[in-house]
$ cat model_10.pdb   # PDB, C-alpha atoms
ATOM      1  CA  MET A   1       0.000   0.000   0.000
ATOM      2  CA  SER A   2       1.417   3.373  -1.001
ATOM      3  CA  ILE A   3       0.374   6.901  -0.057
ATOM      4  CA  GLU A   4       0.334   9.227  -3.037
ATOM      5  CA  ARG A   5      -2.488  11.629  -2.167
ATOM      6  CA  VAL A   6      -3.151  13.046   1.322
ATOM      7  CA  ALA A   7      -6.197  15.005   2.471
ATOM      8  CA  ILE A   8      -5.558  17.291   5.450
ATOM      9  CA  ILE A   9      -8.724  18.226   7.336
ATOM     10  CA  GLY A  10      -7.990  21.242   9.533
ATOM     11  CA  LEU A  11      -5.283  23.735   8.603
ATOM     12  CA  GLY A  12      -3.972  25.099  11.892
ATOM     13  CA  LEU A  13      -0.510  24.556  13.364
ATOM     14  CA  LEU A  14      -0.441  20.776  12.889
ATOM     15  CA  GLY A  15      -2.407  20.552   9.644
ATOM     16  CA  GLY A  16      -0.385  23.344   8.091
ATOM     17  CA  SER A  17       2.859  21.775   9.257
ATOM     18  CA  VAL A  18       1.872  18.405   7.754
ATOM     19  CA  GLY A  19       1.261  20.113   4.411
ATOM     20  CA  LEU A  20       4.550  22.015   4.500
ATOM     21  CA  ALA A  21       6.509  18.966   5.699
ATOM     22  CA  VAL A  22       5.146  16.835   2.858
ATOM     23  CA  GLN A  23       6.152  19.479   0.333
ATOM     24  CA  ALA A  24       9.648  19.663   1.834
ATOM     25  CA  GLN A  25      10.284  15.964   2.526
ATOM     26  CA  ALA A  26       8.015  14.052   0.122
ATOM     27  CA  PRO A  27       7.224  16.460  -2.724
ATOM     28  CA  GLU A  28       5.857  13.731  -4.999
ATOM     29  CA  ILE A  29       2.884  13.266  -2.625
ATOM     30  CA  VAL A  30      -0.117  15.420  -3.541
ATOM     31  CA  THR A  31      -1.681  17.245  -0.591
ATOM     32  CA  VAL A  32      -5.240  18.578  -0.522
ATOM     33  CA  GLY A  33      -6.348  20.777   2.365
ATOM     34  CA  TYR A  34      -9.682  21.766   3.867
ATOM     35  CA  ASP A  35     -10.786  23.827   6.854
ATOM     36  CA  ARG A  36     -14.331  24.686   7.901
ATOM     37  CA  ASP A  37     -13.303  28.320   8.398
ATOM     38  CA  ALA A  38     -13.341  30.188   5.078
ATOM     39  CA  SER A  39     -10.793  32.734   6.356
ATOM     40  CA  VAL A  40      -8.408  29.893   7.232
ATOM     41  CA  ARG A  41      -8.845  28.398   3.752
ATOM     42  CA  LYS A  42      -8.034  31.790   2.246
ATOM     43  CA  LYS A  43      -4.902  32.143   4.359
ATOM     44  CA  ALA A  44      -3.864  28.545   3.604
ATOM     45  CA  ARG A  45      -4.034  29.287  -0.122
ATOM     46  CA  GLU A  46      -1.870  32.392   0.359
ATOM     47  CA  LEU A  47       0.681  30.429   2.384
ATOM     48  CA  GLY A  48       0.646  27.407   0.059
ATOM     49  CA  LEU A  49       0.019  24.963   2.890
ATOM     50  CA  ALA A  50      -1.102  22.263   0.448
ATOM     51  CA  SER A  51      -1.026  21.513  -3.262
ATOM     52  CA  SER A  52      -4.635  22.686  -3.377
ATOM     53  CA  ILE A  53      -7.239  23.932  -0.899
ATOM     54  CA  CYS A  54     -10.849  22.781  -1.261
ATOM     55  CA  ASP A  55     -14.055  24.444  -0.110
ATOM     56  CA  THR A  56     -15.671  21.199   1.064
ATOM     57  CA  ALA A  57     -14.449  18.180   2.973
ATOM     58  CA  ALA A  58     -16.048  15.898   0.390
ATOM     59  CA  GLU A  59     -13.949  17.436  -2.365
ATOM     60  CA  ALA A  60     -10.780  17.262  -0.254
ATOM     61  CA  VAL A  61     -11.019  13.538   0.522
ATOM     62  CA  HIS A  62     -11.955  12.501  -3.013
ATOM     63  CA  ASP A  63      -9.481   9.851  -4.169
ATOM     64  CA  ALA A  64      -7.210  10.354  -1.115
ATOM     65  CA  ASP A  65      -5.053   7.429   0.015
ATOM     66  CA  LEU A  66      -4.709   8.987   3.470
ATOM     67  CA  VAL A  67      -6.985  11.395   5.333
ATOM     68  CA  ILE A  68      -5.492  13.147   8.368
ATOM     69  CA  LEU A  69      -7.872  14.881  10.756
ATOM     70  CA  CYS A  70      -6.099  17.878  12.314
ATOM     71  CA  VAL A  71      -8.983  19.198  14.399
ATOM     72  CA  PRO A  72      -9.565  19.350  18.177
ATOM     73  CA  VAL A  73     -10.233  15.888  19.607
ATOM     74  CA  GLY A  74     -13.768  16.888  20.566
ATOM     75  CA  ALA A  75     -14.544  17.676  16.919
ATOM     76  CA  MET A  76     -13.215  14.444  15.385
ATOM     77  CA  GLU A  77     -16.528  12.646  15.005
ATOM     78  CA  GLU A  78     -18.322  15.620  13.471
ATOM     79  CA  ALA A  79     -15.449  16.276  11.068
ATOM     80  CA  ALA A  80     -15.289  12.626   9.987
ATOM     81  CA  THR A  81     -19.061  12.423   9.528
ATOM     82  CA  GLU A  82     -18.837  15.370   7.150
ATOM     83  CA  PHE A  83     -16.841  13.358   4.603
ATOM     84  CA  ALA A  84     -17.838   9.780   5.527
ATOM     85  CA  ASP A  85     -19.867   9.204   2.363
ATOM     86  CA  HIS A  86     -17.185  10.587   0.060
ATOM     87  CA  VAL A  87     -13.927   8.934   1.144
ATOM     88  CA  ARG A  88     -12.596   5.866  -0.650
ATOM     89  CA  ALA A  89     -13.367   2.541   1.015
ATOM     90  CA  ASP A  90      -9.674   1.586   1.110
ATOM     91  CA  ALA A  91      -8.357   4.943   2.351
ATOM     92  CA  ILE A  92      -6.435   5.158   5.624
ATOM     93  CA  ILE A  93      -8.074   7.499   8.136
ATOM     94  CA  SER A  94      -5.810   9.004  10.781
ATOM     95  CA  ASP A  95      -5.471  12.073  12.988
ATOM     96  CA  VAL A  96      -3.023  14.083  15.108
ATOM     97  CA  GLY A  97      -4.947  14.321  18.397
ATOM     98  CA  SER A  98      -3.267  13.887  21.778
ATOM     99  CA  SER A  99      -5.922  11.623  23.307
ATOM    100  CA  LYS A 100      -6.319   8.325  21.515
ATOM    101  CA  GLN A 101      -9.023   6.188  23.106
ATOM    102  CA  SER A 102     -11.725   8.822  22.593
ATOM    103  CA  VAL A 103     -10.560   9.507  19.038
ATOM    104  CA  SER A 104     -10.545   5.787  18.171
ATOM    105  CA  GLU A 105     -14.110   5.460  19.403
ATOM    106  CA  ALA A 106     -15.274   8.652  17.664
ATOM    107  CA  LEU A 107     -13.804   7.682  14.290
ATOM    108  CA  ALA A 108     -15.161   4.135  14.580
ATOM    109  CA  ARG A 109     -18.651   5.570  15.043
ATOM    110  CA  ALA A 110     -18.320   7.997  12.145
ATOM    111  CA  LEU A 111     -16.537   5.618   9.779
ATOM    112  CA  PRO A 112     -17.649   2.041  10.569
ATOM    113  CA  GLY A 113     -15.684  -0.629   8.741
ATOM    114  CA  ARG A 114     -12.981   1.767   7.524
ATOM    115  CA  THR A 115      -9.237   1.523   8.088
ATOM    116  CA  VAL A 116      -8.732   3.850  11.053
ATOM    117  CA  ILE A 117      -5.226   4.194  12.505
ATOM    118  CA  PRO A 118      -5.085   6.999  15.089
ATOM    119  CA  ALA A 119      -1.780   8.826  15.430
ATOM    120  CA  HIS A 120      -0.238  11.444  17.662
ATOM    121  CA  PRO A 121       2.824  13.401  16.537
ATOM    122  CA  VAL A 122       4.228  14.567  19.871
ATOM    123  CA  ALA A 123       5.178  17.973  18.536
ATOM    124  CA  GLY A 124       3.758  21.449  18.673
ATOM    125  CA  THR A 125       4.152  24.961  19.953
ATOM    126  CA  GLU A 126       1.949  27.344  21.899
ATOM    127  CA  GLN A 127       1.009  29.017  18.606
ATOM    128  CA  SER A 128      -2.098  28.136  16.610
ATOM    129  CA  GLY A 129      -3.665  28.910  13.253
ATOM    130  CA  PRO A 130      -2.440  28.555   9.662
ATOM    131  CA  ASP A 131       0.394  31.064  10.150
ATOM    132  CA  ALA A 132       1.931  28.895  12.879
ATOM    133  CA  GLY A 133       2.857  25.878  10.732
ATOM    134  CA  PHE A 134       6.404  25.050   9.637
ATOM    135  CA  ALA A 135       7.960  22.173   7.722
ATOM    136  CA  SER A 136      10.429  20.991  10.379
ATOM    137  CA  LEU A 137       7.909  20.667  13.241
ATOM    138  CA  PHE A 138       8.105  16.850  13.242
ATOM    139  CA  THR A 139      11.863  16.484  12.778
ATOM    140  CA  ASN A 140      13.296  14.144  15.432
ATOM    141  CA  ARG A 141       9.981  14.126  17.294
ATOM    142  CA  TRP A 142       7.982  11.009  18.145
ATOM    143  CA  CYS A 143       4.828  10.073  16.292
ATOM    144  CA  ILE A 144       2.850   7.437  18.194
ATOM    145  CA  LEU A 145       0.468   5.211  16.229
ATOM    146  CA  THR A 146      -2.288   3.402  18.142
ATOM    147  CA  PRO A 147      -3.783   0.887  15.689
ATOM    148  CA  SER A 148      -6.398  -1.606  16.805
ATOM    149  CA  ALA A 149      -5.402  -5.257  17.193
ATOM    150  CA  ASP A 150      -7.017  -6.149  13.871
ATOM    151  CA  ALA A 151      -5.658  -3.207  11.860
ATOM    152  CA  ASP A 152      -4.256  -3.963   8.397
ATOM    153  CA  PRO A 153      -0.462  -4.419   8.767
ATOM    154  CA  SER A 154       0.164  -2.913   5.316
ATOM    155  CA  ALA A 155      -1.787   0.214   6.294
ATOM    156  CA  ILE A 156       0.201   0.513   9.528
ATOM    157  CA  GLU A 157       3.424   0.182   7.566
ATOM    158  CA  ALA A 158       2.313   2.788   5.005
ATOM    159  CA  LEU A 159       1.374   5.306   7.718
ATOM    160  CA  SER A 160       4.607   4.628   9.616
ATOM    161  CA  THR A 161       6.613   5.265   6.460
ATOM    162  CA  PHE A 162       4.684   8.474   5.824
ATOM    163  CA  TRP A 163       5.522   9.930   9.247
ATOM    164  CA  SER A 164       9.120   8.729   9.037
ATOM    165  CA  ARG A 165       9.514  10.628   5.782
ATOM    166  CA  LEU A 166       8.337  13.785   7.556
ATOM    167  CA  GLY A 167      11.235  13.370   9.982
ATOM    168  CA  ALA A 168       9.416  11.721  12.887
ATOM    169  CA  ASN A 169      10.450   8.713  14.946
ATOM    170  CA  VAL A 170       7.509   6.295  14.846
ATOM    171  CA  GLU A 171       6.362   4.016  17.653
ATOM    172  CA  LEU A 172       3.310   1.776  18.063
ATOM    173  CA  MET A 173       1.418   1.847  21.343
ATOM    174  CA  ASP A 174      -1.850   0.708  22.884
ATOM    175  CA  ALA A 175      -4.349   3.608  22.947
ATOM    176  CA  GLN A 176      -5.071   3.311  26.663
ATOM    177  CA  HIS A 177      -1.368   3.237  27.523
ATOM    178  CA  HIS A 178      -0.763   6.228  25.253
ATOM    179  CA  ASP A 179      -3.365   8.254  27.103
ATOM    180  CA  LEU A 180      -1.791   7.437  30.460
ATOM    181  CA  VAL A 181       1.722   8.298  29.256
ATOM    182  CA  LEU A 182       0.608  11.589  27.708
ATOM    183  CA  ALA A 183      -1.371  12.489  30.804
ATOM    184  CA  VAL A 184       1.964  12.469  32.660
ATOM    185  CA  THR A 185       4.209  14.020  30.013
ATOM    186  CA  SER A 186       1.870  16.588  28.464
ATOM    187  CA  HIS A 187      -1.624  16.964  29.883
ATOM    188  CA  ILE A 188      -0.819  17.393  33.594
ATOM    189  CA  PRO A 189       2.086  19.804  32.850
ATOM    190  CA  HIS A 190      -0.303  21.913  30.791
ATOM    191  CA  LEU A 191      -2.912  21.793  33.545
ATOM    192  CA  ILE A 192      -0.313  22.949  36.082
ATOM    193  CA  ALA A 193       0.777  25.775  33.768
ATOM    194  CA  PHE A 194      -2.789  26.950  33.219
ATOM    195  CA  THR A 195      -3.364  26.846  36.970
ATOM    196  CA  ILE A 196      -0.200  28.614  38.157
ATOM    197  CA  VAL A 197      -0.548  31.418  35.609
ATOM    198  CA  GLY A 198      -4.203  31.829  36.572
ATOM    199  CA  THR A 199      -3.307  31.832  40.263
ATOM    200  CA  ALA A 200      -0.630  34.478  39.773
ATOM    201  CA  SER A 201      -3.015  36.746  37.879
ATOM    202  CA  ASP A 202      -5.654  36.390  40.630
ATOM    203  CA  LEU A 203      -3.485  37.212  43.643
ATOM    204  CA  GLU A 204      -4.978  40.140  45.534
ATOM    205  CA  ASN A 205      -1.687  41.318  47.062
ATOM    206  CA  VAL A 206       0.302  41.165  43.801
ATOM    207  CA  THR A 207      -0.756  43.258  40.826
ATOM    208  CA  ARG A 208      -0.952  41.768  37.353
ATOM    209  CA  SER A 209       1.602  44.320  36.144
ATOM    210  CA  GLU A 210       4.081  43.046  38.764
ATOM    211  CA  VAL A 211       3.481  39.444  37.693
ATOM    212  CA  ILE A 212       4.294  40.383  34.123
ATOM    213  CA  LYS A 213       7.152  42.796  34.894
ATOM    214  CA  TYR A 214       9.043  40.553  37.296
ATOM    215  CA  SER A 215       8.464  37.206  35.614
ATOM    216  CA  ALA A 216      11.413  34.904  36.241
ATOM    217  CA  GLY A 217      12.437  32.187  33.792
ATOM    218  CA  GLY A 218      10.268  29.507  35.378
ATOM    219  CA  PHE A 219       7.119  31.605  35.251
ATOM    220  CA  ARG A 220       7.902  32.721  31.676
ATOM    221  CA  ASP A 221       8.033  29.063  30.637
ATOM    222  CA  PHE A 222       4.680  28.452  32.327
ATOM    223  CA  THR A 223       3.146  31.390  30.438
ATOM    224  CA  ARG A 224       4.402  29.941  27.147
ATOM    225  CA  ILE A 225       2.621  26.667  27.832
ATOM    226  CA  ALA A 226      -0.462  28.451  29.167
ATOM    227  CA  ALA A 227      -0.729  30.381  25.889
ATOM    228  CA  SER A 228      -1.707  27.181  24.053
ATOM    229  CA  ASP A 229      -4.950  26.889  22.090
ATOM    230  CA  PRO A 230      -7.799  26.906  24.665
ATOM    231  CA  VAL A 231     -10.229  24.952  22.460
ATOM    232  CA  MET A 232      -7.721  22.182  21.810
ATOM    233  CA  TRP A 233      -6.806  21.820  25.488
ATOM    234  CA  ARG A 234     -10.385  22.013  26.710
ATOM    235  CA  ASP A 235     -11.144  19.029  24.472
ATOM    236  CA  VAL A 236      -8.025  17.141  25.556
ATOM    237  CA  PHE A 237      -8.961  17.287  29.231
ATOM    238  CA  LEU A 238     -12.586  16.360  28.595
ATOM    239  CA  ASN A 239     -11.649  13.466  26.308
ATOM    240  CA  ASN A 240      -8.807  12.061  28.405
ATOM    241  CA  LYS A 241     -10.344  12.753  31.794
ATOM    242  CA  GLY A 242      -9.862   9.217  33.145
ATOM    243  CA  ALA A 243      -6.084   9.202  32.694
ATOM    244  CA  VAL A 244      -5.763  12.878  33.636
ATOM    245  CA  LEU A 245      -7.695  12.421  36.889
ATOM    246  CA  GLU A 246      -5.664   9.301  37.733
ATOM    247  CA  MET A 247      -2.370  11.144  37.259
ATOM    248  CA  LEU A 248      -3.711  14.271  38.953
ATOM    249  CA  GLY A 249      -4.512  12.179  42.025
ATOM    250  CA  ARG A 250      -0.939  10.861  42.096
ATOM    251  CA  PHE A 251       0.412  14.388  41.608
ATOM    252  CA  SER A 252      -1.740  15.687  44.476
ATOM    253  CA  GLU A 253      -0.316  12.994  46.783
ATOM    254  CA  ASP A 254       3.248  13.907  45.783
ATOM    255  CA  LEU A 255       2.530  17.610  46.245
ATOM    256  CA  THR A 256       1.151  16.933  49.735
ATOM    257  CA  ALA A 257       4.350  15.027  50.592
ATOM    258  CA  LEU A 258       6.400  17.972  49.344
ATOM    259  CA  GLN A 259       4.386  20.392  51.461
ATOM    260  CA  ARG A 260       5.029  18.157  54.471
ATOM    261  CA  ALA A 261       8.787  18.126  53.786
ATOM    262  CA  ILE A 262       8.954  21.911  53.505
ATOM    263  CA  ARG A 263       6.857  22.418  56.645
ATOM    264  CA  SER A 264       9.011  20.039  58.704
ATOM    265  CA  GLY A 265      12.309  21.323  57.324
ATOM    266  CA  ASP A 266      13.126  17.971  55.713
ATOM    267  CA  GLY A 267      15.931  19.100  53.425
ATOM    268  CA  GLU A 268      17.070  15.554  52.686
ATOM    269  CA  THR A 269      13.740  14.669  51.056
ATOM    270  CA  LEU A 270      13.780  17.877  49.015
ATOM    271  CA  HIS A 271      17.367  17.304  47.853
ATOM    272  CA  GLU A 272      16.624  13.697  46.869
ATOM    273  CA  LEU A 273      13.592  14.747  44.809
ATOM    274  CA  PHE A 274      15.408  17.594  43.077
ATOM    275  CA  SER A 275      18.363  15.322  42.256
ATOM    276  CA  ARG A 276      16.036  12.762  40.639
ATOM    277  CA  THR A 277      14.252  15.409  38.576
ATOM    278  CA  ARG A 278      17.544  16.915  37.466
ATOM    279  CA  ALA A 279      18.587  13.504  36.150
ATOM    280  CA  ILE A 280      15.336  13.274  34.167
ATOM    281  CA  ARG A 281      16.165  16.607  32.516
ATOM    282  CA  ARG A 282      19.555  15.263  31.424
ATOM    283  CA  GLN A 283      17.896  12.204  29.915
ATOM    284  CA  VAL A 284      15.443  14.368  27.953
ATOM    285  CA  ILE A 285      18.387  16.264  26.452
ATOM    286  CA  GLU A 286      20.266  13.029  25.698
ATOM    287  CA  GLU A 287      17.206  11.789  23.782
ATOM    288  CA  GLY A 288      17.402  14.932  21.624
ATOM    289  CA  GLN A 289      13.981  16.124  22.782
ATOM    290  CA  ASP A 290      15.151  19.555  23.959
ATOM    291  CA  ASP A 291      17.960  22.090  23.790
ATOM    292  CA  GLU A 292      20.820  21.678  26.267
ATOM    293  CA  ARG A 293      21.772  25.371  26.232
ATOM    294  CA  PRO A 294      21.010  27.293  29.439
ATOM    295  CA  ASP A 295      17.500  28.757  29.657
ATOM    296  CA  PHE A 296      16.335  26.475  26.799
ATOM    297  CA  GLY A 297      18.474  28.393  24.297
ATOM    298  CA  ARG A 298      16.559  31.581  24.982
ATOM    299  CA  GLU A 299      18.543  34.758  24.469
ATOM    300  CA  ASP A 300      19.414  36.366  27.780
ATOM    301  CA  HIS A 301      17.511  39.638  27.977
ATOM    302  CA  ASP A 302      17.876  40.032  31.756
TER
END

$ encode --input "model_10.pdb" --output "structure tokens"
Amino acid sequence: MSIERVAIIGLGLLGGSVGLAVQAQAPEIVTVGYDRDASVRKKARELGLASSICDTAAEAVHDADLVILCVPVGAMEEAATEFADHVRADAIISDVGSSKQSVSEALARALPGRTVIPAHPVAGTEQSGPDAGFASLFTNRWCILTPSADADPSAIEALSTFWSRLGANVELMDAQHHDLVLAVTSHIPHLIAFTIVGTASDLENVTRSEVIKYSAGGFRDFTRIAASDPVMWRDVFLNNKGAVLEMLGRFSEDLTALQRAIRSGDGETLHELFSRTRAIRRQVIEEGQDDERPDFGREDHD
């Protein structure tokens, strides 16, 4: 099975980046884009995010070998239903959402009997919209595929090859396990960032101008994460609530233990924790998943 024509449904950061990455890394593949927002379609045409931009989902998926849904996870079923009667019976249907169990179930309802292989490129920025996309977004990043047990091996291989050509490292994973892993590595960190930035802005004895003016590096990094697309993250938390709540419970227990250590002056416990977390940071850098320069490579403006 080969992928020669790709329909991209949703032309924001991820959809636009898929289109640009295909043009840069696999230019022989034809890309067709669609977005429900007419202004986004107009901008996508100006930016050349795909070989062509269609005004309907039905037109976009016509004769596509692969359809990639790049919409918020809460909108997957509605988006798939829109083109369900127009996509080829042998086409691969995939996505880029960061919660996989809910997406698998939504696409199965909308596209019964079709070849659905959910995927999650673990890549992104806090930016959103068609202007935010760039061709190298997936380079040396992981793309996790969560096929069902009875998925067509040739379709899995074709989709794996597609993402590899865009620069990603591909791994297969059970959908439930994926959601638990991402709850730890992505969803809870985002929830903490949203919370701490909201807390800082609500403090009665600290003005918002002081929060902004005296932001230290740690808080600046939280504000970057907290600037992420609110619609996308609302849907992530609602669609992965089981795993998120499980990990949030564990985090709450650990936070309580940390409070206890600070209150009792238990420096040994604090030092042990901070040493372990420092080692994790080194491992992230060794895996090539971040920049080893001080302050994340940010220019020093202090």

$ atom_distance --input "model_10.pdb" --atom1 "atom CA of A:Arg5" --atom2 "atom CA of A:Asp65"
5.4 Å

$ closest_atom_pairs --input "model_10.pdb" --of "stretch 117-188 of chain A" --to "stretch 66-76 of chain A" --cutoff "10 Å" --atoms "all atoms listed in the file" --output "Markdown table"
| residue | atom | partner | partner_atom | distance |
| --- | --- | --- | --- | --- |
| A:Ile117 | CA | A:Ile68 | CA | 9.9 |
| A:Pro118 | CA | A:Ile68 | CA | 9.1 |
| A:Ala119 | CA | A:Ile68 | CA | 9.1 |
| A:Ala155 | CA | A:Leu66 | CA | 9.7 |
| A:Ala158 | CA | A:Leu66 | CA | 9.5 |
| A:Leu159 | CA | A:Leu66 | CA | 8.3 |
| A:Phe162 | CA | A:Leu66 | CA | 9.7 |

$ atom_distance --input "model_10.pdb" --atom1 "atom CA of A:Val197" --atom2 "atom CA of A:Arg234"
16.3 Å

$ resolve_selection --input "model_10.pdb" --expression "the PyMOL selection byres ((chain A and resi 176-183) around 9)" --output "ChimeraX atom specification"
/A:98-101,144,146,173-175,184-189,240,242-248

$ write_last_selection --input "model_10.pdb" --atoms "C-alpha atoms" --output "PDB file, in the coordinates of the input"
ATOM      1  CA  SER A  98      -3.267  13.887  21.778  1.00  0.00           C
ATOM      2  CA  SER A  99      -5.922  11.623  23.307  1.00  0.00           C
ATOM      3  CA  LYS A 100      -6.319   8.325  21.515  1.00  0.00           C
ATOM      4  CA  GLN A 101      -9.023   6.188  23.106  1.00  0.00           C
ATOM      5  CA  ILE A 144       2.850   7.437  18.194  1.00  0.00           C
ATOM      6  CA  THR A 146      -2.288   3.402  18.142  1.00  0.00           C
ATOM      7  CA  MET A 173       1.418   1.847  21.343  1.00  0.00           C
ATOM      8  CA  ASP A 174      -1.850   0.708  22.884  1.00  0.00           C
ATOM      9  CA  ALA A 175      -4.349   3.608  22.947  1.00  0.00           C
ATOM     10  CA  VAL A 184       1.964  12.469  32.660  1.00  0.00           C
ATOM     11  CA  THR A 185       4.209  14.020  30.013  1.00  0.00           C
ATOM     12  CA  SER A 186       1.870  16.588  28.464  1.00  0.00           C
ATOM     13  CA  HIS A 187      -1.624  16.964  29.883  1.00  0.00           C
ATOM     14  CA  ILE A 188      -0.819  17.393  33.594  1.00  0.00           C
ATOM     15  CA  PRO A 189       2.086  19.804  32.850  1.00  0.00           C
ATOM     16  CA  ASN A 240      -8.807  12.061  28.405  1.00  0.00           C
ATOM     17  CA  GLY A 242      -9.862   9.217  33.145  1.00  0.00           C
ATOM     18  CA  ALA A 243      -6.084   9.202  32.694  1.00  0.00           C
ATOM     19  CA  VAL A 244      -5.763  12.878  33.636  1.00  0.00           C
ATOM     20  CA  LEU A 245      -7.695  12.421  36.889  1.00  0.00           C
ATOM     21  CA  GLU A 246      -5.664   9.301  37.733  1.00  0.00           C
ATOM     22  CA  MET A 247      -2.370  11.144  37.259  1.00  0.00           C
ATOM     23  CA  LEU A 248      -3.711  14.271  38.953  1.00  0.00           C
TER      24      LEU A 248
END

$ resolve_selection --input "model_10.pdb" --expression "the PyMOL selection byres ((chain A and resi 130-143) around 6)" --output "MDAnalysis selection string"
chainID A and resid 11:13 16:17 20:21 120:122 127:129 144 167:170

$ atom_distance --input "model_10.pdb" --atom1 "atom CA of A:His190" --atom2 "atom CA of A:Phe222"
8.4 Å

$ closest_residue --input "model_10.pdb" --among "A:Leu191, A:Ala257, A:Leu273, A:Val96" --to "A:Phe237" --atoms "only C-alpha atoms"
A:Leu191

$ residues_around --input "model_10.pdb" --residues "A:Asp63" --least-positions-apart "4" --cutoff "12 Å" --atoms "all atoms listed in the file" --output "PyMOL selection string"
chain A and resi 3-7+30-32+58-59+67+83+86-92
